[in-house]
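Quick look at structure32.txt (compact mmCIF, C-alpha atoms):
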```
# COMPACT_ATOMS: atom_id res chain seq x y z
CA MET B 1 57.49 -69.89 52.49
CA SER B 2 54.45 -67.80 53.41
CA ILE B 3 54.71 -65.41 50.43
CA ASP B 4 52.27 -65.93 47.56
CA LEU B 5 54.87 -65.85 44.81
CA ASP B 6 52.45 -65.73 41.88
CA GLN B 7 50.61 -62.81 43.44
CA LEU B 8 53.89 -61.03 44.21
CA LEU B 9 55.04 -61.35 40.59
CA THR B 10 51.66 -60.49 39.09
CA THR B 11 51.34 -57.39 41.27
CA ALA B 12 54.76 -56.30 40.00
CA GLY B 13 53.55 -56.68 36.41
CA LEU B 14 55.56 -59.83 35.73
CA GLU B 15 54.23 -63.08 34.29
CA PRO B 16 55.00 -65.90 36.76
CA HIS B 17 55.67 -68.55 34.10
CA LEU B 18 58.22 -66.32 32.33
CA VAL B 19 60.03 -65.54 35.57
CA ASP B 20 59.99 -69.24 36.48
CA GLU B 21 61.67 -70.12 33.17
CA VAL B 22 64.47 -67.62 33.73
CA VAL B 23 64.95 -68.59 37.37
CA ARG B 24 65.15 -72.33 36.74
CA ARG B 25 67.46 -71.85 33.76
CA THR B 26 69.75 -69.66 35.90
CA LEU B 27 69.87 -72.17 38.75
CA ALA B 28 70.47 -75.04 36.33
CA GLU B 29 73.35 -73.16 34.74
CA ASP B 30 75.17 -73.09 38.09
CA LEU B 31 74.48 -76.77 38.83
CA GLN B 32 75.03 -78.40 35.42
CA TRP B 33 78.53 -79.57 36.39
CA GLY B 34 77.32 -81.08 39.65
CA PRO B 35 76.12 -80.02 43.11
CA ASP B 36 77.67 -77.25 45.19
CA VAL B 37 80.74 -79.18 46.30
CA THR B 38 82.14 -76.40 48.48
CA THR B 39 78.95 -75.80 50.41
CA ASN B 40 78.17 -79.49 50.81
CA ALA B 41 81.68 -80.16 52.11
CA THR B 42 81.74 -77.34 54.66
CA ILE B 43 78.15 -77.14 55.86
CA SER B 44 76.12 -79.97 57.32
CA ALA B 45 72.66 -80.79 56.04
CA ASP B 46 71.08 -79.81 59.35
CA GLN B 47 72.73 -76.39 59.64
CA SER B 48 70.36 -73.44 59.33
CA GLY B 49 70.73 -69.70 59.51
CA THR B 50 69.72 -66.24 58.34
CA ALA B 51 71.25 -64.11 55.61
CA ASP B 52 70.61 -60.62 54.29
CA VAL B 53 70.88 -59.20 50.80
CA VAL B 54 72.68 -55.93 51.47
CA ALA B 55 73.46 -52.94 49.26
CA ARG B 56 77.15 -52.16 48.92
CA ALA B 57 76.56 -49.16 46.67
CA ALA B 58 73.85 -46.57 46.22
CA GLY B 59 71.26 -47.28 43.57
CA THR B 60 67.69 -48.14 42.63
CA ILE B 61 66.47 -51.64 43.36
CA ALA B 62 64.72 -53.88 40.84
CA GLY B 63 64.10 -57.61 40.95
CA VAL B 64 63.12 -58.31 44.54
CA PRO B 65 60.21 -60.56 43.39
CA VAL B 66 62.67 -62.34 41.08
CA ALA B 67 65.06 -62.89 43.98
CA VAL B 68 62.18 -64.39 45.96
CA ALA B 69 61.43 -66.65 42.97
CA VAL B 70 65.04 -67.89 42.92
CA LEU B 71 64.92 -68.74 46.61
CA ALA B 72 61.54 -70.43 46.21
CA ALA B 73 62.78 -72.55 43.32
CA ALA B 74 65.91 -73.55 45.24
CA ALA B 75 63.81 -74.50 48.26
CA GLU B 76 61.53 -76.57 46.05
CA GLN B 77 64.50 -78.39 44.52
CA ASP B 78 65.94 -79.17 47.97
CA ARG B 79 62.51 -79.90 49.50
CA VAL B 80 63.04 -77.47 52.35
CA GLU B 81 61.20 -74.48 53.78
CA LEU B 82 62.52 -70.92 53.74
CA ILE B 83 61.28 -67.82 55.52
CA ILE B 84 61.70 -64.89 53.13
CA ASP B 85 61.18 -61.28 54.15
CA PRO B 86 61.49 -58.61 51.42
CA VAL B 87 62.58 -55.51 53.32
CA ARG B 88 62.74 -53.09 50.38
CA ALA B 89 60.55 -52.84 47.29
CA ASP B 90 61.42 -52.46 43.64
CA GLY B 91 61.92 -48.82 42.75
CA ASP B 92 63.33 -47.99 46.19
CA HIS B 93 66.57 -46.03 46.32
CA VAL B 94 69.10 -47.63 48.65
CA GLN B 95 72.38 -46.61 50.25
CA PRO B 96 75.37 -48.81 51.20
CA GLY B 97 74.46 -50.97 54.17
CA ASP B 98 70.72 -51.03 53.52
CA THR B 99 69.10 -54.46 53.82
CA ILE B 100 66.98 -55.41 50.82
CA LEU B 101 65.84 -58.92 51.70
CA THR B 102 66.24 -61.33 54.60
CA VAL B 103 65.94 -65.12 54.33
CA THR B 104 66.13 -67.89 56.93
CA GLY B 105 66.52 -71.60 56.27
CA PRO B 106 68.99 -74.42 55.58
CA LEU B 107 72.37 -72.89 54.75
CA ARG B 108 73.07 -75.34 51.95
CA THR B 109 70.02 -74.08 50.08
CA LEU B 110 70.79 -70.43 50.79
CA LEU B 111 74.39 -70.60 49.60
CA THR B 112 73.60 -72.71 46.55
CA ALA B 113 71.01 -70.12 45.46
CA GLU B 114 73.17 -67.10 46.38
CA ARG B 115 74.92 -66.40 43.08
CA SER B 116 71.90 -67.06 40.86
CA MET B 117 69.83 -64.71 42.99
CA LEU B 118 72.47 -61.98 43.08
CA ASN B 119 73.26 -62.24 39.36
CA LEU B 120 69.65 -61.43 38.52
CA LEU B 121 69.10 -58.88 41.28
CA CYS B 122 72.36 -57.01 40.56
CA GLN B 123 71.67 -56.97 36.82
CA LEU B 124 68.10 -55.71 37.15
CA SER B 125 69.06 -53.13 39.77
CA ALA B 126 71.76 -51.90 37.39
CA VAL B 127 69.14 -51.22 34.75
CA ALA B 128 66.85 -49.49 37.23
CA THR B 129 69.71 -47.40 38.61
CA ARG B 130 70.85 -46.25 35.18
CA THR B 131 67.29 -45.48 34.13
CA ALA B 132 66.73 -43.44 37.29
CA ALA B 133 69.89 -41.46 36.49
CA TRP B 134 68.47 -40.53 33.06
CA VAL B 135 65.11 -39.64 34.57
CA SER B 136 66.86 -37.37 37.06
CA ALA B 137 69.02 -35.78 34.35
CA ILE B 138 65.97 -35.02 32.20
CA GLY B 139 64.49 -33.20 35.17
CA ASP B 140 61.32 -31.19 34.61
CA HIS B 141 61.32 -31.46 30.83
CA ARG B 142 58.22 -33.11 29.40
CA CYS B 143 59.98 -35.99 27.61
CA ARG B 144 60.41 -39.53 28.96
CA VAL B 145 63.28 -41.98 28.65
CA ARG B 146 62.63 -45.31 26.90
CA ASP B 147 64.58 -48.53 26.39
CA THR B 148 65.41 -50.49 23.22
CA ARG B 149 65.62 -54.13 22.13
CA LYS B 150 69.35 -54.11 22.93
CA THR B 151 68.86 -56.42 25.88
CA VAL B 152 70.80 -59.31 27.37
CA PRO B 153 69.57 -62.45 25.54
CA GLY B 154 66.95 -64.23 27.59
CA LEU B 155 66.41 -61.35 30.02
CA ARG B 156 64.37 -58.91 27.93
CA VAL B 157 61.13 -59.09 29.91
CA LEU B 158 62.97 -58.69 33.21
CA GLN B 159 65.24 -55.90 31.98
CA LYS B 160 62.33 -53.95 30.58
CA TYR B 161 60.56 -54.43 33.91
CA ALA B 162 63.65 -52.95 35.59
CA VAL B 163 63.44 -49.92 33.29
CA ARG B 164 59.94 -49.30 34.61
CA CYS B 165 61.22 -49.65 38.17
CA GLY B 166 63.71 -46.88 37.41
CA GLY B 167 60.99 -44.54 36.16
CA GLY B 168 61.39 -45.16 32.42
CA LEU B 169 59.04 -46.36 29.72
CA ASN B 170 59.26 -49.42 27.49
CA HIS B 171 59.70 -49.25 23.75
CA ARG B 172 58.38 -52.25 21.83
CA MET B 173 58.95 -55.59 23.52
CA GLY B 174 59.79 -57.45 20.32
CA LEU B 175 59.30 -57.49 16.60
CA GLY B 176 55.58 -58.21 16.64
CA ASP B 177 53.94 -55.77 19.04
CA ALA B 178 54.92 -52.63 17.11
CA ALA B 179 56.57 -51.71 13.81
CA LEU B 180 59.74 -49.64 13.52
CA ILE B 181 60.64 -48.68 9.96
CA LYS B 182 64.43 -48.31 9.86
CA ASP B 183 66.90 -47.34 7.14
CA ASN B 184 67.15 -50.86 5.71
CA HIS B 185 63.36 -51.10 5.42
CA VAL B 186 63.28 -47.74 3.64
CA ALA B 187 66.06 -48.82 1.30
CA ALA B 188 64.28 -52.07 0.47
CA ALA B 189 60.86 -50.44 0.00
CA GLY B 190 62.21 -47.50 -1.98
CA SER B 191 61.12 -44.63 0.27
CA VAL B 192 59.76 -43.71 3.67
CA THR B 193 56.27 -43.37 2.20
CA ALA B 194 56.38 -46.74 0.47
CA ALA B 195 57.60 -48.49 3.63
CA LEU B 196 54.95 -46.83 5.80
CA ASP B 197 52.20 -47.66 3.32
CA ALA B 198 53.32 -51.29 3.19
CA VAL B 199 53.31 -51.70 6.96
CA ARG B 200 49.88 -50.09 7.30
CA ALA B 201 48.44 -52.27 4.55
CA ALA B 202 49.76 -55.45 6.18
CA HIS B 203 49.15 -54.51 9.83
CA PRO B 204 46.68 -51.62 10.10
CA SER B 205 46.21 -51.92 13.87
CA ILE B 206 49.90 -52.14 14.83
CA PRO B 207 51.60 -48.98 16.17
CA CYS B 208 54.23 -47.82 13.69
CA GLU B 209 57.28 -45.58 14.12
CA VAL B 210 59.50 -44.25 11.33
CA GLU B 211 63.24 -43.76 11.78
CA CYS B 212 64.47 -40.60 10.09
CA ASP B 213 68.09 -39.68 9.47
CA THR B 214 67.39 -36.27 7.89
CA LEU B 215 64.89 -33.44 8.17
CA ASP B 216 63.73 -34.23 4.63
CA GLN B 217 62.77 -37.72 5.78
CA VAL B 218 60.94 -36.19 8.74
CA ALA B 219 58.91 -34.04 6.34
CA GLU B 220 58.16 -37.07 4.17
CA ALA B 221 57.08 -39.14 7.19
CA VAL B 222 54.74 -36.37 8.35
CA ALA B 223 53.25 -36.03 4.86
CA ALA B 224 52.74 -39.79 4.75
CA GLY B 225 50.77 -39.65 8.00
CA ALA B 226 53.31 -40.97 10.49
CA GLU B 227 52.31 -40.65 14.14
CA LEU B 228 55.79 -41.06 15.65
CA VAL B 229 59.21 -40.37 14.14
CA LEU B 230 62.56 -41.44 15.53
CA LEU B 231 65.27 -38.81 15.08
CA ASP B 232 68.37 -40.89 14.51
CA ASN B 233 71.75 -39.34 15.38
CA MET B 234 70.51 -35.79 14.89
CA THR B 235 72.08 -32.74 16.51
CA PRO B 236 70.07 -30.80 19.10
CA ASP B 237 69.47 -28.06 16.52
CA GLU B 238 68.12 -30.60 14.03
CA MET B 239 65.93 -32.08 16.76
CA ARG B 240 64.43 -28.66 17.47
CA GLN B 241 63.68 -28.20 13.78
CA ALA B 242 62.11 -31.65 13.63
CA VAL B 243 59.92 -30.90 16.63
CA ALA B 244 58.80 -27.63 15.04
CA ALA B 245 57.93 -29.49 11.84
CA THR B 246 56.01 -32.31 13.51
CA ARG B 247 54.21 -30.85 16.52
CA PRO B 248 51.61 -28.81 14.53
CA TYR B 249 50.44 -32.13 13.05
CA GLY B 250 50.34 -34.00 16.35
CA VAL B 251 53.29 -36.18 15.38
CA ARG B 252 55.45 -37.26 18.31
CA THR B 253 59.24 -37.35 18.21
CA GLU B 254 61.87 -39.60 19.72
CA ALA B 255 65.61 -38.88 19.96
CA SER B 256 67.96 -41.81 19.57
CA GLY B 257 71.50 -42.75 18.61
CA GLY B 258 74.73 -42.20 20.50
CA LEU B 259 73.17 -40.23 23.33
CA THR B 260 75.02 -39.90 26.63
CA LEU B 261 73.84 -38.96 30.10
CA PRO B 262 75.50 -35.50 30.10
CA GLN B 263 73.42 -34.69 26.99
CA ALA B 264 70.11 -35.66 28.56
CA ALA B 265 68.93 -32.19 29.61
CA GLU B 266 70.03 -30.58 26.35
CA VAL B 267 68.23 -33.18 24.26
CA ALA B 268 65.12 -33.01 26.44
CA ALA B 269 65.08 -29.22 26.03
CA THR B 270 64.62 -29.60 22.26
CA GLY B 271 61.02 -30.62 22.89
CA VAL B 272 61.21 -34.29 21.88
CA ASP B 273 58.64 -36.55 23.47
CA PHE B 274 61.01 -39.46 24.14
CA ILE B 275 64.69 -40.20 24.49
CA THR B 276 65.57 -43.79 23.64
CA VAL B 277 68.73 -45.16 25.25
CA GLY B 278 70.26 -48.56 24.51
CA GLU B 279 72.73 -48.41 27.39
CA LEU B 280 69.93 -48.80 29.91
CA THR B 281 69.91 -52.51 29.16
CA HIS B 282 73.06 -53.37 27.22
CA SER B 283 75.78 -51.80 29.35
CA ALA B 284 74.54 -50.52 32.70
CA PRO B 285 77.16 -51.39 35.37
CA VAL B 286 75.79 -53.89 37.86
CA LEU B 287 74.74 -52.60 41.25
CA ASP B 288 76.99 -54.08 43.93
CA LEU B 289 74.88 -56.17 46.31
CA GLY B 290 76.06 -58.75 48.81
CA PHE B 291 74.62 -61.76 50.60
CA ASP B 292 75.75 -61.75 54.20
CA LEU B 293 75.21 -64.57 56.67
CA THR B 294 74.05 -63.05 59.96
CA SER B 295 73.11 -65.89 62.29
CA PRO B 296 74.17 -69.45 61.51
CA ALA B 297 72.94 -72.09 63.94
CA VAL B 298 72.80 -75.85 64.16
CA VAL B 299 69.28 -77.24 64.47
```
Go ahead and render the structure in this file as structure tokens.
Amino acid sequence: MSIDLDQLLTTAGLEPHLVDEVVRRTLAEDLQWGPDVTTNATISADQSGTADVVARAAGTIAGVPVAVAVLAAAAEQDRVELIIDPVRADGDHVQPGDTILTVTGPLRTLLTAERSMLNLLCQLSAVATRTAAWVSAIGDHRCRVRDTRKTVPGLRVLQKYAVRCGGGLNHRMGLGDAALIKDNHVAAAGSVTAALDAVRAAHPSIPCEVECDTLDQVAEAVAAGAELVLLDNMTPDEMRQAVAATRPYGVRTEASGGLTLPQAAEVAATGVDFITVGELTHSAPVLDLGFDLTSPAVV
């Protein structure tokens, strides 16, 4: 394989060791009950060929470097060489029939890696495709769409990467890189102000966002010096009032909670800075991609 995998992943903004963990875990999951009995029974060890990853539906691609990593790991396990040619890049919009990646090598390795590769590529492309749909629906409004922590367990870094491929922004990656004061924190602390003061005292350099269910809470958060408020399950009219109350003080706003794609333009028109959407990662329908053998040959 002539591709510098580490460089490919790093250039994409992915950490090679994290991708490697996911890839090897995914391959191991498919092989934990034994080798690929179907492939090994029907294809000889010396049979080689070429296969293409092909789009069967329109969408936005994400995860090509991850697909390359799957193939590289499978080749390493089998101690064989593969020729991998990424035809399309992450963030590209594809139509049915478009080739995304071509790979040549021993067919046993290609077919054993097929499902692991497609599972990841289809999942990440789903996230990118759904994100791109929200970006398009928002149109020329100034706000941006962001993700949440409602991710598939074990795939957070990759799913949030896919959001970026679709034109979205990432919310916090986990519990430690930013604070989000939610209703339970407010209830435990006694008030929005008390919760915000506590977080700032404990972690003065950490970005902090305050979730507000009412306009009164928005006013309290602004008075307490909040820099970003999350408008939880508010109506568009309430969002407009919240924006009017926060913008003079330089406080940014984020709409969240039960939002659907048909609402995107209406919510964006309220003037909020961000729209946060859990469905980008927790329920985007997978993009249909196939792995088609194009030229088998005995060598």
Stretch 220-298 of chain B residues near stretch 57-76 of chain B within 10 Å, closest pair each, using only C-alpha atoms, as JSON lines:
```
{"residue": "B:Val286", "atom": "CA", "partner": "B:Gly59", "partner_atom": "CA", "distance": 9.8}
{"residue": "B:Leu287", "atom": "CA", "partner": "B:Ala57", "partner_atom": "CA", "distance": 6.7}
{"residue": "B:Asp288", "atom": "CA", "partner": "B:Ala57", "partner_atom": "CA", "distance": 5.6}
{"residue": "B:Leu289", "atom": "CA", "partner": "B:Ala57", "partner_atom": "CA", "distance": 7.2}
{"residue": "B:Gly290", "atom": "CA", "partner": "B:Ala57", "partner_atom": "CA", "distance": 9.8}
```
B:Gln241, B:Thr294, B:Thr151, B:Ser125: which is nearest B:Arg172, counting only C-alpha atoms?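 Counting only C-alpha atoms, the residue closest to B:Arg172 is B:Thr151.
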Have a look at B:Thr235, B:Thr112, B:Thr246, B:Thr214 and name the one nearest to B:Val37; count all atoms listed in the file.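 The shortest atom-to-atom distance to B:Val37 comes from B:Thr112.
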To one decimal in Å, tell me the separation between atom CA of B:Cys122 and atom CA of B:Gly176.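 According to the coordinates, atom CA of B:Cys122 and atom CA of B:Gly176 are separated by 29.2 Å.
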Suppose you want the space between atom CA of B:His171 and atom CA of B:Arg142; what is it in Å?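 According to the coordinates, atom CA of B:His171 and atom CA of B:Arg142 are separated by 17.2 Å.
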Around all the atoms of stretch 166-171 of chain B listed in the file, draw an axis-aligned box and extend it by 3 Å on each of the six sides; I want its centre and edge lengths in Å to one decimal, as JSON.
```
{"center_x": 61.4, "center_y": -47.0, "center_z": 30.6, "size_x": 10.7, "size_y": 10.9, "size_z": 19.7}
```
Please indicate the distance in Å from atom CA of B:Asn119 to atom CA of B:Ala264, rounded to one decimal place.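 Straight-line distance from atom CA of B:Asn119 to atom CA of B:Ala264 works out to 28.9 Å.
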Compile the contact shell of stretch 189-202 of chain B as a PyMOL selection string: residues with an atom at most 12 Å away, counting all atoms listed in the file, same-chain residues fewer than 6 positions apart removed. chain B and resi 176+178-183+208-214+216-229
Just checking: using all atoms listed in the file, which residue out of B:Leu111, B:Ile3, B:Ile83, B:Val157 ends up closest to B:Glu15? B:Val157
Which residue is closest to B:Asn40? Choose from B:Pro106, B:Pro236, B:Gly174, B:Gly154 and count all atoms listed in the file.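 Closest residue, counting all atoms listed in the file: B:Pro106.
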Which residue, B:Asp90, B:Asp273, B:Asp232, B:Glu266, has the smallest gap to B:Leu121 when you use only C-alpha atoms?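 Checking each of B:Asp90, B:Asp273, B:Asp232, B:Glu266 against B:Leu121, counting only C-alpha atoms, the winner is B:Asp90.
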